[in-house]
Structure formats: C-alpha cells, structure tokens
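A.B. asks: A single structure is presented below for examination.
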Amino acid sequence: MRAVIAEDSVLLRVGLVKVLEAVGFEVVAAVGDATELLTAVEEHQPNVVVSDVRMPPGFHDEGVKAAMIIRRQWPEVAVLLLSQFVEERYAADLLATNTSGVGYLLKQRVANVDDFVDALQRVAEGGTALDPEVVAQLLVRRKQDPLEKLTPRERDVLALMAEGRSNAAIAAALVVSDSAVAKHINSIFTKLDLPPADDSHRRVMAVLRFLEIA
C-alpha cells in the first residue's frame with residue numbers, strides 16, 4: 001500500500017510516517033500543506049491519503065477541500081482525514097461524494113496505534129471509518145428523526161456500522177452472536193425503507209441516512 005501524508009505539524013507528520021511504515025505501508029510523500037498534497041497525489045498516485053483537516057495557509061478547511069478534489073479527480077485514492085475537534089459535517093461532505101475508502105478520525109485516535117491502523121487499513125481497502133466521538137455526537141443531535149423507529153440495540157448496531165465495523169466486529173463489541181447482528185441489520189434496512197439490493201450498498205445507504213445526507 002502506497003500512502004501520502006499531509007500534516008503541518010512536523011512531529012505528528014514524522015510520527016505518522018513511522019507508524020505507517022512499521023505496519024507495511026510505503027510512504028511515498030509526507031507534506032505540510034494542501035497544495036503540496038495535491039501535487040504529491042498527482043505525482044505518486046497513492047492507494048491512500050492521510051490528511052489533517054486544517055492546514056496552511058488559513059488553518060480552516062484546506063485539508064477537506066483538498067480531499068474533495070482528490071475524491072473527484074482520483075476516486076480510486078482512499079482518504080482518511082484527521083481532526084483536532086469533532087466536525088461531523090466534514091465526514092458527511094466526503095461520504096456525499098464517494099461512499100467507499102473514506103475515514104474521519106480525531107487526532108487523539110492516533111495515540112492508540114492499533115485502533116488507528118485498523119481504521120486506516122479499512123479505509124485503504126475501500127471501507128469507511130468514522131470516529132466514535134463523531135458517531136456519538138450524531139446520536140445526541142438526532143433524537144427526533146426517522147431513526148427513532150429503531151430500537152436502542154438497532155441504533156447501537158447502526159452506530160458501529162457508521163464507524164465502519166464489520167458484522168463480526170459489531171458482534172464482538174456488543175457481545176452478541178453474528179446471527180443476531182445480521183438480524184438487527186436486516187431490521188434496520190426494513191425500517192429505513194432500504195429495498196433488497198447488494199448488502200454492502202445498503203450498509204452505505206443506512207449510514208448515509210444516519211448522517212442525514214441521503
């Protein structure tokens with residue numbers, strides 16, 4: 001797996017390079033701003049980009065804007081955004097343009113190397129990875145909405161789906177069987193009026209409903 005890292009903090013950038021290389025990624029470029037990021041992606045055509053949300057010169061949403069350009073111009077490149085604070089609209093913006101190979105994590109998640117690497121690998125392989133804090137804030141904000149027809153356990157399952165977890169990972173987190181998870185997911189599909197289709201597509205659509213962008 002070839003990776004490009006974009007992070008203005010030199011210490012964090014060096015740390016990310018070491019973490020990725022330690023688990024088998026080839027870091028083909030490590031840059032400090034969004035302009036350099038786009039140049040590096042065009043030059044190296046990586047499998048995945050790990051980018052800060054806020055970068056020079058404005059320290060606002062330069063990383064997000066660069067990620068959106070990458071998703072449009074190089075849709076095969078997966079993107080994992082890192083943010084200091086929870087700003088779930090950025091995750092929603094990315095998922096609205098392409099529903100595979102997308103991640104949004106808080107920077108504090110990098111400190112837990114195993115969790116960070118697990119999320120990065122899911123994104124690089126075409127899955128999704130949303131920070132649990134983002135999912136938690138969405139659950140608090142969305143108490144009165146179409147998802148209210150879901151049971152508490154179904155909402156737990158959907159929240160873990162939004163993080164990008166597999167059925168087996170959801171089962172382990174909730175201490176239930178794989179078959180119980182499958183039943184909950186089928187119930188979620190029914191209650192959200194998602195007609196029979198490819199299950200991976202319906203999982204994405206369920207998460208999009210959760211994020212209010214579908």
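In the structure tokens, chains take the letters A, B, ... in the order shown, each chain's residues start at 1, and ligands count up from 1 in the order shown.
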Write out as a list of chain:residue names the residues lying within 10 Å of Pro46 of chain A, counting only C-alpha atoms and excluding same-chain residues fewer than 6 positions away.

C.D. replies: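 Counting only C-alpha atoms, the residues come to A:Met1, A:Arg2, A:Ala3, A:Val4, A:Glu26, A:Val27, A:Val28, A:Ala29, A:Ala40, A:Trp74, A:Glu76, A:Val77, A:Ala78, A:Ala124.
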
A.B. asks: With C-alpha atoms retained, could you export that selection as a PDB file, in the first residue's frame?

C.D. replies:
ATOM      1  CA  MET A   1       0.000   0.000   0.000  1.00  0.00           C
ATOM      2  CA  ARG A   2       1.362   3.398  -1.051  1.00  0.00           C
ATOM      3  CA  ALA A   3       0.471   6.343   1.179  1.00  0.00           C
ATOM      4  CA  VAL A   4       0.764  10.131   1.146  1.00  0.00           C
ATOM      5  CA  GLU A  26       5.126   2.646   1.717  1.00  0.00           C
ATOM      6  CA  VAL A  27       5.022   6.383   2.461  1.00  0.00           C
ATOM      7  CA  VAL A  28       5.786   7.950  -0.917  1.00  0.00           C
ATOM      8  CA  ALA A  29       5.387  11.564   0.269  1.00  0.00           C
ATOM      9  CA  ALA A  40       2.028  14.573  -4.341  1.00  0.00           C
ATOM     10  CA  TRP A  74      -8.693  10.331  -8.324  1.00  0.00           C
ATOM     11  CA  GLU A  76      -9.607   5.261  -6.513  1.00  0.00           C
ATOM     12  CA  VAL A  77      -7.498   7.023  -3.839  1.00  0.00           C
ATOM     13  CA  ALA A  78      -8.823   6.428  -0.325  1.00  0.00           C
ATOM     14  CA  ALA A 124      -7.347   1.773   2.325  1.00  0.00           C
TER      15      ALA A 124
END

A.B. asks: Set the distance at 8 Å and use only C-alpha atoms: which residues neighbour segment 55-65 of chain A once local chain neighbours fewer than 6 positions away are removed? I'd like the list as a ChimeraX atom specification.

C.D. replies: /A:7-8,32-34,81,90

A.B. asks: Excluding segment 170-186 of chain A and any residue of its chain fewer than 3 positions from it, enumerate the residues within 6 Å of it, using only C-alpha atoms, and give them as a ChimeraX atom specification.

C.D. replies: /A:154,167,189

A.B. asks: Those residues you just picked out, can you put them in a file as a PDB file, in the first residue's frame with all heavy atoms?

C.D. replies:
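The new file selection05.pdb reads:
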ATOM      1  N   GLU A 154     -30.697  -1.635  17.865  1.00  0.00           N
ATOM      2  CA  GLU A 154     -30.501  -1.368  16.437  1.00  0.00           C
ATOM      3  C   GLU A 154     -29.728  -0.073  16.217  1.00  0.00           C
ATOM      4  O   GLU A 154     -28.899   0.016  15.312  1.00  0.00           O
ATOM      5  CB  GLU A 154     -31.846  -1.320  15.714  1.00  0.00           C
ATOM      6  CG  GLU A 154     -32.510  -2.688  15.574  1.00  0.00           C
ATOM      7  CD  GLU A 154     -33.966  -2.617  15.175  1.00  0.00           C
ATOM      8  OE1 GLU A 154     -34.530  -1.501  15.133  1.00  0.00           O
ATOM      9  OE2 GLU A 154     -34.556  -3.684  14.910  1.00  0.00           O
ATOM     10  N   ASN A 167     -19.596  -7.085  10.515  1.00  0.00           N
ATOM     11  CA  ASN A 167     -20.566  -7.791  11.361  1.00  0.00           C
ATOM     12  C   ASN A 167     -19.868  -8.469  12.535  1.00  0.00           C
ATOM     13  O   ASN A 167     -20.357  -8.432  13.666  1.00  0.00           O
ATOM     14  CB  ASN A 167     -21.334  -8.825  10.537  1.00  0.00           C
ATOM     15  CG  ASN A 167     -22.417  -8.195   9.684  1.00  0.00           C
ATOM     16  OD1 ASN A 167     -22.389  -6.990   9.435  1.00  0.00           O
ATOM     17  ND2 ASN A 167     -23.363  -8.994   9.235  1.00  0.00           N
ATOM     18  N   PHE A 189     -32.495  -2.201   7.770  1.00  0.00           N
ATOM     19  CA  PHE A 189     -32.778  -1.993   6.349  1.00  0.00           C
ATOM     20  C   PHE A 189     -34.277  -1.833   6.119  1.00  0.00           C
ATOM     21  O   PHE A 189     -34.722  -0.957   5.373  1.00  0.00           O
ATOM     22  CB  PHE A 189     -32.259  -3.173   5.524  1.00  0.00           C
ATOM     23  CG  PHE A 189     -30.761  -3.284   5.454  1.00  0.00           C
ATOM     24  CD1 PHE A 189     -30.158  -4.499   5.159  1.00  0.00           C
ATOM     25  CD2 PHE A 189     -29.947  -2.184   5.685  1.00  0.00           C
ATOM     26  CE1 PHE A 189     -28.780  -4.609   5.081  1.00  0.00           C
ATOM     27  CE2 PHE A 189     -28.565  -2.281   5.617  1.00  0.00           C
ATOM     28  CZ  PHE A 189     -27.988  -3.508   5.316  1.00  0.00           C
TER      29      PHE A 189
END

A.B. asks: In Å, with one decimal, what is the gap from atom CA of Phe210 of chain A to atom CA of Thr128 of chain A?

C.D. replies: 13.8 Å

A.B. asks: Would you mind telling me which residue in A:Glu163, A:Glu125, A:Glu43, A:Asp193 lies nearest to Lys149 of chain A when using only C-alpha atoms?

C.D. replies: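 Among the listed residues, the smallest separation from Lys149 of chain A belongs to A:Asp193.
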
A.B. asks: As an exercise, work out the distance from atom CA of Ala136 of chain A to atom CA of Asp115 of chain A in Å and give it to one decimal place.

C.D. replies: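 Atom CA of Asp115 of chain A lies 17.1 Å from atom CA of Ala136 of chain A.
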
A.B. asks: What are the DSSP strand (DSSP E or B) residues of segment 3-87 of chain A, as a list in words?

C.D. replies: Ala3, Val4, Ile5, Ala6, Glu26, Val27, Val28, Ala29, Ala30, Val31, Val48, Val49, Val50, Ser51, Asp52, Ala78, Val79, Leu80, Leu81, Leu82 and Ser83 of chain A

A.B. asks: Ranking A:Leu80, A:His44, A:Val14, A:Leu147 by minimum distance to Gln121 of chain A and counting only C-alpha atoms, which one comes first?

C.D. replies: A:Leu80
